[in-house]
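Dumped final.txt below, it's compact mmCIF, C-alpha atoms:
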```txt
# COMPACT_ATOMS: atom_id res chain seq x y z
CA MET A 671 129.48 109.16 103.67
CA SER A 672 128.08 112.64 102.96
CA ALA A 673 125.12 114.11 104.81
CA PHE A 674 122.95 113.93 101.69
CA ALA A 675 123.85 110.27 101.10
CA ASN A 676 122.85 109.52 104.70
CA THR A 677 119.52 111.27 104.14
CA VAL A 678 118.89 109.28 100.95
CA ARG A 679 119.68 106.06 102.82
CA THR A 680 117.25 107.04 105.57
CA GLU A 681 114.49 107.80 103.07
CA TRP A 682 115.05 104.45 101.35
CA ILE A 683 114.80 102.63 104.68
CA LYS A 684 111.54 104.44 105.44
CA LEU A 685 110.07 103.67 102.03
CA ARG A 686 110.98 100.00 101.99
CA SER A 687 109.65 99.54 105.54
CA LEU A 688 106.14 100.50 104.40
CA ARG A 689 103.93 97.54 103.50
CA SER A 690 102.09 99.80 101.07
CA THR A 691 105.30 100.15 99.02
CA TRP A 692 105.58 96.43 98.35
CA PHE A 693 101.84 96.08 97.86
CA THR A 694 101.91 98.87 95.28
CA LEU A 695 104.88 97.36 93.40
CA THR A 696 103.22 93.93 93.43
CA CYS A 697 100.08 95.46 91.95
CA LEU A 698 102.18 97.26 89.35
CA PHE A 699 103.54 94.03 87.90
CA ALA A 700 100.49 91.83 88.49
CA VAL A 701 98.02 94.27 86.94
CA GLY A 702 100.44 95.57 84.30
CA LEU A 703 101.40 92.16 82.95
CA GLY A 704 97.84 90.92 83.23
CA ILE A 705 96.66 93.80 81.06
CA THR A 706 99.49 93.11 78.62
CA ALA A 707 98.47 89.48 78.22
CA LEU A 708 94.79 90.34 77.72
CA THR A 709 95.29 93.22 75.29
CA SER A 710 97.92 91.38 73.24
CA ASN A 711 95.70 88.31 73.01
CA ALA A 712 92.72 90.42 71.91
CA ALA A 713 94.85 92.33 69.38
CA GLY A 714 96.22 89.09 67.92
CA LYS A 715 92.76 87.58 67.52
CA GLY A 716 91.51 90.72 65.79
CA TYR A 717 94.44 91.09 63.41
CA ALA A 718 92.87 89.04 60.58
CA SER A 719 89.77 91.25 60.55
CA LEU A 720 91.74 94.49 60.16
CA THR A 721 91.69 96.43 56.94
CA LEU A 722 94.80 96.50 54.78
CA ALA A 723 95.55 100.05 55.92
CA ASP A 724 95.26 99.03 59.56
CA GLN A 725 97.51 96.02 59.02
CA GLN A 726 100.13 98.25 57.42
CA ALA A 727 99.94 100.53 60.48
CA TRP A 728 100.17 97.53 62.85
CA ASP A 729 102.37 98.37 65.83
CA PRO A 730 103.07 95.16 67.79
CA ALA A 731 105.49 96.88 70.17
CA GLY A 732 103.00 99.60 71.01
CA ARG A 733 100.28 97.01 71.56
CA SER A 734 102.35 95.21 74.17
CA LEU A 735 103.18 98.42 76.07
CA MET A 736 99.58 99.51 76.67
CA SER A 737 99.91 98.58 80.33
CA TYR A 738 101.55 101.98 80.83
CA VAL A 739 98.02 103.43 81.07
CA VAL A 740 97.47 101.73 84.44
CA ALA A 741 101.16 101.66 85.41
CA GLN A 742 101.36 105.46 85.44
CA LEU A 743 98.58 105.57 88.01
CA VAL A 744 100.16 102.88 90.20
CA LEU A 745 103.60 104.52 90.16
CA GLY A 746 101.87 107.84 90.74
CA VAL A 747 100.35 106.44 93.92
CA LEU A 748 103.80 105.28 95.01
CA GLY A 749 105.26 108.73 94.33
CA ILE A 750 102.51 110.38 96.34
CA LEU A 751 102.98 108.00 99.28
CA VAL A 752 106.69 108.85 99.45
CA VAL A 753 105.56 112.20 100.86
CA THR A 754 102.00 111.96 102.13
CA SER A 755 102.54 108.85 104.26
CA GLU A 756 104.69 111.01 106.55
CA PHE A 757 102.22 113.87 106.61
CA ALA A 758 99.45 111.44 107.55
CA THR A 759 101.34 109.88 110.47
CA GLY A 760 103.07 113.02 111.71
CA LEU A 761 106.47 111.52 110.95
CA MET A 762 107.30 114.46 108.70
CA GLN A 763 107.86 116.68 111.72
CA THR A 764 110.25 114.11 113.17
CA SER A 765 112.10 113.87 109.85
CA LEU A 766 112.57 117.63 109.75
CA ILE A 767 113.85 117.69 113.31
CA ALA A 768 116.44 115.06 112.35
CA THR A 769 117.27 116.91 109.09
CA PRO A 770 116.55 120.61 109.58
CA ARG A 771 117.56 121.49 106.03
CA ARG A 772 114.24 120.89 104.36
CA HIS A 773 115.56 121.00 100.82
CA ARG A 774 117.86 118.08 101.64
CA THR A 775 114.98 116.00 102.98
CA LEU A 776 112.80 116.62 99.95
CA ALA A 777 115.68 116.12 97.52
CA ALA A 778 116.38 112.73 99.12
CA LYS A 779 112.73 111.76 98.70
CA VAL A 780 112.86 112.76 95.03
CA VAL A 781 116.02 110.71 94.47
CA VAL A 782 114.53 107.63 96.14
CA ALA A 783 111.24 107.97 94.24
CA ALA A 784 113.09 108.42 90.94
CA ALA A 785 115.31 105.39 91.58
CA VAL A 786 112.38 103.12 92.43
CA ALA A 787 110.34 104.41 89.48
CA VAL A 788 113.21 103.96 87.00
CA VAL A 789 113.87 100.38 88.06
CA ALA A 790 110.24 99.31 88.44
CA GLY A 791 108.96 101.20 85.39
CA GLN A 792 111.71 100.03 83.08
CA ALA A 793 111.46 96.44 84.31
CA LEU A 794 107.72 96.48 83.66
CA MET A 795 108.15 97.86 80.15
CA PHE A 796 110.68 95.19 79.17
CA ALA A 797 108.62 92.43 80.78
CA ALA A 798 105.45 93.69 79.08
CA PHE A 799 107.20 93.86 75.71
CA PHE A 800 108.53 90.31 75.86
CA LEU A 801 105.25 88.92 77.20
CA GLY A 802 103.19 90.75 74.59
CA GLN A 803 105.40 89.66 71.70
CA GLY A 804 105.29 86.09 72.96
CA VAL A 805 101.49 86.14 72.94
CA LEU A 806 101.41 87.63 69.42
CA ALA A 807 103.94 85.09 68.17
CA LEU A 808 101.80 82.21 69.45
CA GLN A 809 98.90 83.58 67.40
CA ASP A 810 101.08 83.74 64.28
CA VAL A 811 100.59 87.47 63.68
CA PRO A 812 103.36 90.02 63.01
CA HIS A 813 105.41 90.65 66.13
CA ALA A 814 108.55 92.62 66.95
CA SER A 815 111.99 92.16 68.47
CA LEU A 816 114.12 94.65 70.37
CA GLY A 817 116.35 95.05 67.34
CA ASP A 818 113.55 96.30 65.10
CA PRO A 819 113.52 100.03 64.24
CA GLY A 820 112.13 102.17 67.03
CA VAL A 821 111.37 99.28 69.39
CA LEU A 822 114.13 99.79 71.95
CA SER A 823 113.39 103.52 71.91
CA ALA A 824 109.71 102.84 72.64
CA VAL A 825 110.45 100.45 75.52
CA THR A 826 113.01 102.72 77.18
CA GLY A 827 110.85 105.75 76.49
CA GLY A 828 108.06 104.05 78.42
CA GLY A 829 110.34 103.79 81.45
CA VAL A 830 111.26 107.47 81.19
CA TYR A 831 107.61 108.46 80.88
CA LEU A 832 106.59 106.44 83.96
CA THR A 833 109.46 107.95 85.97
CA ALA A 834 108.33 111.46 85.03
CA ILE A 835 104.79 110.68 86.19
CA ALA A 836 106.10 109.32 89.50
CA LEU A 837 108.10 112.50 90.11
CA LEU A 838 105.10 114.62 89.17
CA ALA A 839 103.20 112.70 91.85
CA VAL A 840 105.89 113.51 94.43
CA GLY A 841 105.50 117.20 93.70
CA LEU A 842 101.71 116.99 93.92
CA GLY A 843 102.02 115.11 97.21
CA VAL A 844 104.10 117.93 98.69
CA LEU A 845 101.65 120.59 97.52
CA ALA A 846 98.50 118.74 98.61
CA ARG A 847 99.93 117.10 101.76
CA ALA A 848 97.15 114.52 101.46
CA THR A 849 97.00 111.32 99.42
CA ALA A 850 93.42 111.85 98.23
CA GLY A 851 93.98 115.40 97.03
CA ALA A 852 97.24 114.62 95.26
CA LEU A 853 95.76 111.51 93.63
CA ALA A 854 92.69 113.39 92.42
CA THR A 855 94.92 116.03 90.84
CA LEU A 856 97.09 113.39 89.19
CA VAL A 857 94.04 111.58 87.78
CA GLY A 858 92.79 114.88 86.39
CA ILE A 859 96.11 115.60 84.68
CA VAL A 860 96.69 112.11 83.31
CA PHE A 861 93.18 110.87 82.53
CA LEU A 862 90.41 113.42 82.93
CA VAL A 863 91.66 116.33 80.82
CA PRO A 864 92.87 114.13 77.91
CA GLY A 865 89.62 112.13 78.08
CA LEU A 866 87.49 115.26 77.83
CA ALA A 867 89.57 116.85 75.09
CA GLY A 868 86.99 115.98 72.44
CA ALA A 869 84.25 117.80 74.33
CA PHE A 870 85.94 121.19 74.00
CA PRO A 871 85.25 123.60 71.10
CA GLY A 872 87.18 123.08 67.89
CA TRP A 873 89.27 126.22 68.35
CA LEU A 874 90.65 124.74 71.57
CA GLN A 875 91.52 121.34 70.13
CA GLY A 876 94.95 122.48 68.95
CA LEU A 877 95.92 123.33 72.52
CA PHE A 878 95.60 119.71 73.58
CA ARG A 879 98.47 118.79 71.29
CA PHE A 880 100.66 120.46 73.89
CA TRP A 881 99.09 118.71 76.88
CA PRO A 882 102.13 116.96 78.36
CA THR A 883 100.72 113.49 78.97
CA LEU A 884 99.08 113.24 75.54
CA GLY A 885 102.07 113.73 73.28
CA ALA A 886 104.63 112.30 75.69
CA ALA A 887 102.93 108.89 75.74
CA GLU A 888 103.49 108.63 71.99
CA VAL A 889 107.11 107.63 72.66
CA LEU A 890 105.75 104.15 73.48
CA LYS A 891 104.74 103.62 69.85
CA THR A 892 106.83 102.74 66.82
CA VAL A 893 104.25 103.97 64.28
CA PRO A 894 104.16 107.80 64.40
CA ASP A 895 100.90 109.65 65.03
CA PRO A 896 100.55 112.62 62.62
CA GLU A 897 99.11 114.71 65.46
CA PHE A 898 102.27 114.19 67.54
CA PRO A 899 105.15 114.03 65.04
CA HIS A 900 107.84 114.68 67.67
CA PRO A 901 106.95 112.55 70.72
CA TRP A 902 110.38 112.89 72.33
CA LEU A 903 109.98 116.66 72.30
CA ASN A 904 106.62 116.19 73.96
CA LEU A 905 108.28 113.95 76.55
CA GLY A 906 110.86 116.68 77.09
CA GLY A 907 108.00 119.13 77.62
CA LEU A 908 106.50 116.79 80.20
CA CYS A 909 109.83 116.59 82.02
CA LEU A 910 110.07 120.39 82.05
CA GLY A 911 106.57 120.59 83.46
CA VAL A 912 107.47 118.06 86.16
CA ALA A 913 110.60 120.07 86.98
CA ALA A 914 108.45 123.20 87.37
CA VAL A 915 106.03 121.42 89.72
CA LEU A 916 108.96 120.13 91.79
CA ALA A 917 110.49 123.62 91.93
CA VAL A 918 107.23 124.99 93.32
CA ALA A 919 107.05 122.05 95.73
CA PHE A 920 110.56 122.78 97.03
CA ALA A 921 109.69 126.46 97.54
CA VAL A 922 106.46 125.65 99.35
CA PHE A 923 108.07 122.90 101.45
CA ARG A 924 110.78 125.26 102.70
CA ARG A 925 108.36 128.01 103.76
CA ARG A 926 105.26 126.18 104.93
CA ASP A 927 104.77 124.85 108.42
CA VAL A 928 104.37 121.07 108.67
```

If you convert what's in this file into structure tokens, what do you get?
Amino acid sequence: MSAFANTVRTEWIKLRSLRSTWFTLTCLFAVGLGITALTSNAAGKGYASLTLADQQAWDPAGRSLMSYVVAQLVLGVLGILVVTSEFATGLMQTSLIATPRRHRTLAAKVVVAAAVAVVAGQALMFAAFFLGQGVLALQDVPHASLGDPGVLSAVTGGGVYLTAIALLAVGLGVLARATAGALATLVGIVFLVPGLAGAFPGWLQGLFRFWPTLGAAEVLKTVPDPEFPHPWLNLGGLCLGVAAVLAVAFAVFRRRDV
């Protein structure tokens, strides 16, 4: 077994030994599927009162994937804890003594975080889709199947989006070295700036079309938004932004004292 594989195995053992890891993953599915059930039920009950135009733009798949809004925060917390839990306990210094090549240690953490986020995020998206469509079907309103146009792309795109957010959180955790600081930054990027977009002057509104988490999240829909006609390009932009944050994190991690 290679040295890097051994480091990845070590990081996985450390992550799975934390009670916070399993608590976070439990919350991910409990809260995510709970939100799916509630929002799908509310959407189904309100379908009859929609206008004809709104019924024609009805996106049952997108409705059932709305749990991504909370899921991105939960997986973000997990990504942050992959790094900051060791800074908080002082274990990071021990890890670097055992693996002096810092880039290898951080790369192993990124691989473990990505693997957990891919599996958990994709599992949640598929579970949320099937649960949401089941709720809509019980209410006898239009619902979708995986074989419908754009549906599989939306579900898998949701998993990719959540993984990107988790890796962004890893990078922020390295830069902040504290859970609170990294989480505050993540909340600002994912929620605060998009939420305040409407408060900015009109001449700045066009810039928000390029804000990574705004356009990238459109991949979870099957009905295109005219403001974001190419959501997969936006998702690619988000991934490039995450890669840039991780590159800075690697550079800082190699040079900064623990």

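When atom CA of Asn711 of chain A is paired with atom CA of His813 of chain A, their separation reads 12.1 Å.
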
Find the distance between atom CA of Ile767 of chain A and atom CA of Ala914 of chain A and write it in Å to one decimal.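 Separation of atom CA of Ile767 of chain A and atom CA of Ala914 of chain A: 27.1 Å.
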
Each side padded by 8 Å, which centre and which edge lengths in Å (one decimal) define the axis-aligned box around the listed atoms of segment 910-916 of chain A? Give them as lines of an AutoDock Vina configuration file.
```
center_x = 108.3
center_y = 120.6
center_z = 86.9
size_x = 20.6
size_y = 21.1
size_z = 25.7
```

Taking all atoms listed in the file into account, name the residue in A:Val753, A:Ala869, A:Val889, A:Ala712 that is nearest to Leu903 of chain A. A:Val889

Surrounding residues of segment 769-774 of chain A excluding itself and chain neighbours under 3 positions, 6 Å, all atoms listed in the file, as number ranges by chain: A: 766, 777, 924

Write out as a list of chain:residue names each polymer residue whose atoms come within 9 Å of segment 688-698 of chain A, counting all atoms listed in the file; drop sequence neighbours fewer than 6 positions from it.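 My list of contacting residues is A:Val740, A:Ala741, A:Val744, A:Leu745, A:Val747, A:Leu748, A:Leu751, A:Val752, A:Ala790, A:Gly791, A:Leu794.
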
Measuring atom to atom with all atoms listed in the file, identify which of A:Thr775, A:Pro812, A:Thr759, A:Ala917 is nearest to Trp682 of chain A. A:Thr775

Protein, DNA and RNA residues within 6 Å of (113.5, 108.7, 85.9), all atoms listed in the file, as JSON, numbers by chain: {"A": [784, 788, 830, 833, 834]}

Under the rule that only C-alpha atoms are counted, which of A:Val918, A:Leu822, A:Ala793, A:Ala807 is the nearest residue to Thr892 of chain A? A:Leu822

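Atom CA of Thr680 of chain A lies 20.6 Å from atom CA of Ala919 of chain A.
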
Contacts of Ile683 of chain A at 12 Å (only C-alpha atoms; same-chain gap of 4+ positions) as a list in words: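 The filter keeps Asn676, Thr677, Val678, Arg679, Ser687, Leu688, Thr691, Val752, Ala778, Lys779 and Val782 of chain A.
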
Given the choices A:Val844, A:Leu916, A:Leu743, A:Leu735, which gets closest to Ile859 of chain A if the distance is worked out from all atoms listed in the file?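 Of A:Val844, A:Leu916, A:Leu743, A:Leu735, the one nearest Ile859 of chain A is A:Leu743, counting all atoms listed in the file.
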
Between A:Leu720, A:Gln803, A:Gly828, A:Ala848, which residue has the minimum interatomic distance to Ser755 of chain A, considering all atoms listed in the file?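 Nearest candidate to Ser755 of chain A out of A:Leu720, A:Gln803, A:Gly828, A:Ala848: A:Ala848.
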
With all atoms listed in the file as the basis for distance, which of A:Ala783, A:Ala854, A:Ala887, A:Leu866 is at the shortest distance from Ala836 of chain A?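 When distances to Ala836 of chain A are compared using all atoms listed in the file, the smallest one comes from A:Ala783.
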
Contacts of Ile835 of chain A within 8 Å, all atoms listed in the file, excl. fewer than 5 positions in-chain, as a CSV table (one decimal) with C-alpha atoms, in the frame of the given file:
```
chain,number,residue,atom,x,y,z
A,742,GLN,CA,101.4,105.5,85.4
A,745,LEU,CA,103.6,104.5,90.2
A,746,GLY,CA,101.9,107.8,90.7
A,912,VAL,CA,107.5,118.1,86.2
```
